[in-house]
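Asks: mmCIF, C-alpha atoms, file protein38.cif:
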data_run
#
loop_
_atom_site.label_atom_id
_atom_site.label_comp_id
_atom_site.auth_asym_id
_atom_site.auth_seq_id
_atom_site.Cartn_x
_atom_site.Cartn_y
_atom_site.Cartn_z
CA ILE A 21 0.00 0.00 0.00
CA VAL A 22 1.45 3.37 -1.01
CA VAL A 23 0.65 6.25 1.33
CA ASN A 24 1.43 9.96 0.97
CA LYS A 25 2.79 12.19 3.75
CA ARG A 26 -0.77 13.17 4.72
CA SER A 27 -1.44 9.47 5.48
CA ASN A 28 -3.81 9.09 2.53
CA ILE A 29 -3.69 5.97 0.38
CA GLU A 30 -2.35 6.63 -3.11
CA MET A 31 -2.42 3.08 -4.48
CA SER A 32 -2.58 -0.57 -3.53
CA ASN A 33 -1.81 -3.88 -5.13
CA LYS A 34 -4.18 -6.76 -5.80
CA LEU A 35 -3.04 -8.69 -2.72
CA ALA A 36 -3.92 -5.78 -0.43
CA GLN A 37 -7.27 -5.39 -2.16
CA GLU A 38 -8.03 -9.07 -1.61
CA LEU A 39 -6.83 -9.01 2.01
CA PHE A 40 -9.07 -6.06 2.89
CA GLU A 41 -11.90 -6.99 0.49
CA TYR A 42 -11.88 -3.60 -1.29
CA GLY A 43 -11.59 -2.68 -4.93
CA ARG A 44 -8.67 -0.51 -6.05
CA ARG A 45 -10.81 2.59 -6.39
CA GLU A 46 -12.23 2.18 -2.90
CA PHE A 47 -8.73 2.48 -1.40
CA VAL A 48 -7.45 5.57 -3.19
CA GLY A 49 -7.77 8.81 -1.22
CA GLN A 50 -8.77 7.12 2.04
CA SER A 51 -6.94 7.92 5.26
CA ILE A 52 -4.78 5.08 6.58
CA ASP A 53 -7.04 4.75 9.64
CA PHE A 54 -9.66 3.50 7.18
CA LEU A 55 -7.75 0.18 7.27
CA PHE A 56 -5.93 0.52 10.59
CA PRO A 57 -8.27 2.24 13.10
CA GLU A 58 -5.53 2.42 15.75
CA ILE A 59 -3.07 4.24 13.45
CA LYS A 60 -3.57 7.92 12.65
CA GLN A 61 -0.29 8.44 10.79
CA LEU A 62 2.30 6.05 9.41
CA VAL A 63 5.98 6.62 10.11
CA ALA A 64 8.86 4.73 8.53
CA ASN A 65 10.40 2.40 11.08
CA ASN A 66 12.77 -0.57 11.16
CA ASP A 67 10.41 -2.49 13.42
CA PRO A 68 6.98 -3.72 12.35
CA ILE A 69 3.88 -2.09 13.78
CA LEU A 70 1.63 -4.63 15.48
CA THR A 71 -1.97 -3.52 15.16
CA ASN A 72 -5.43 -4.60 14.07
CA ALA A 73 -6.71 -4.08 10.56
CA LYS A 74 -10.30 -3.81 9.39
CA LYS A 75 -11.81 -5.46 6.33
CA LYS A 76 -14.69 -4.02 4.32
CA SER A 77 -17.00 -6.43 6.15
CA GLY A 78 -15.98 -4.83 9.46
CA GLU A 79 -14.06 -7.93 10.56
CA THR A 80 -10.83 -7.06 12.36
CA PHE A 81 -7.67 -9.14 12.31
CA PRO A 82 -4.10 -8.81 13.65
CA VAL A 83 -1.37 -7.58 11.29
CA GLU A 84 2.23 -6.54 11.17
CA VAL A 85 2.82 -3.41 9.12
CA TYR A 86 6.30 -2.72 7.79
CA VAL A 87 6.73 0.90 6.69
CA HIS A 88 9.47 2.17 4.40
CA GLU A 89 9.96 5.67 3.05
CA PHE A 90 10.87 6.58 -0.51
CA ASP A 91 10.82 10.22 -1.64
CA GLU A 92 7.52 11.69 -0.47
CA PHE A 93 5.77 8.32 -0.14
CA LEU A 94 5.52 5.60 2.46
CA PHE A 95 5.22 1.97 1.45
CA ALA A 96 3.28 -0.21 3.86
CA HIS A 97 3.75 -3.95 3.60
CA VAL A 98 0.95 -5.65 5.52
CA GLN A 99 1.16 -9.18 6.82
CA ASP A 100 -1.89 -10.95 8.27
CA ILE A 101 -0.68 -12.69 11.44
CA SER A 102 -3.99 -14.29 12.43
CA GLU A 103 -2.67 -17.82 12.09
CA ARG A 104 0.51 -17.07 14.05
CA MET A 105 -1.50 -15.49 16.85
CA ARG A 106 -3.90 -18.44 16.91
CA LEU A 107 -1.00 -20.88 17.25
CA GLN A 108 0.55 -18.87 20.10
CA THR A 109 -2.57 -19.11 22.26
#
How would this structure read if it were set down as structure tokens?
Replies:
Amino acid sequence: IVVNKRSNIEMSNKLAQELFEYGRREFVGQSIDFLFPEIKQLVANNDPILTNAKKKSGETFPVEVYVHEFDEFLFAHVQDISERMRLQT
């Protein structure tokens, strides 16, 4: 997921669209808290952000979000960790 400095989604790939159950056009222009209610602004970091994500259906699930900066954009790689969390409990 590509995010601008105002934390608005600029673009997403097909995997992100499938994970969150949204079409490409539904993502673009949305604030990042649209997908991650606990995150108001993304910041590039070496460590993953552990948070909950929200699908179009309203279902929430645990994710790790890796954020990297390039020029004026942030790239968020999202990994669903539901299975890992289930196995840890």
Asks: Ranking A:Val48, A:Met105, A:Met31, A:Ala36 by minimum distance to A:Val85 and counting only C-alpha atoms, which one comes first?
Replies: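 Of A:Val48, A:Met105, A:Met31, A:Ala36, the one nearest A:Val85 is A:Ala36, counting only C-alpha atoms.
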Asks: Identify all residues satisfying the PyMOL selection byres ((chain A and resi 63-71) around 6) in the given file; provide them as number ranges by chain.
Replies: A: 62, 72, 82-89
Asks: Please, what distance in Å, to one decimal, runs between atom CA of A:Ser77 and atom CA of A:Phe40?
Replies: 8.6 Å
Asks: Compile the contact shell of A:Glu41 as a list in words: residues with an atom at most 8 Å away, counting all atoms listed in the file, same-chain residues fewer than 4 positions apart removed.
Replies: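 Counting all atoms listed in the file, the residues come to Gln37, Lys75, Lys76 and Ser77 of chain A.
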Asks: Write the selection just made, keeping C-alpha atoms, as a PDB file, in the coordinates of the input?
Replies:
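Output file again05.pdb is given in full below:
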ATOM      1  CA  GLN A  37      -7.270  -5.390  -2.160  1.00  0.00           C
ATOM      2  CA  LYS A  75     -11.810  -5.460   6.330  1.00  0.00           C
ATOM      3  CA  LYS A  76     -14.690  -4.020   4.320  1.00  0.00           C
ATOM      4  CA  SER A  77     -17.000  -6.430   6.150  1.00  0.00           C
TER       5      SER A  77
END
Asks: Report as a PyMOL selection string all protein, DNA and RNA residues lying within 7 Å of A:Phe56, evaluated on only C-alpha atoms, omitting residues in the same chain fewer than 3 positions from it.
Replies: chain A and resi 52-53+59+72-74
Asks: Run the PyMOL selection byres ((chain A and resi 91) around 12) against the file shown and list the residues it catches, as a ChimeraX atom specification.
Replies: /A:22-25,64,88-90,92-95
Asks: Could you please determine the separation between atom CA of A:Thr80 and atom CA of A:Leu55 in Å, to one decimal place?
Replies: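 The value is 9.4 Å.
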Asks: Considering all atoms listed in the file, state which residue in the set A:Leu35, A:Arg26, A:Gln99, A:Arg106 is at the smallest distance from A:Ser51.
Replies: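 For A:Ser51, the nearest of the candidates is A:Arg26.
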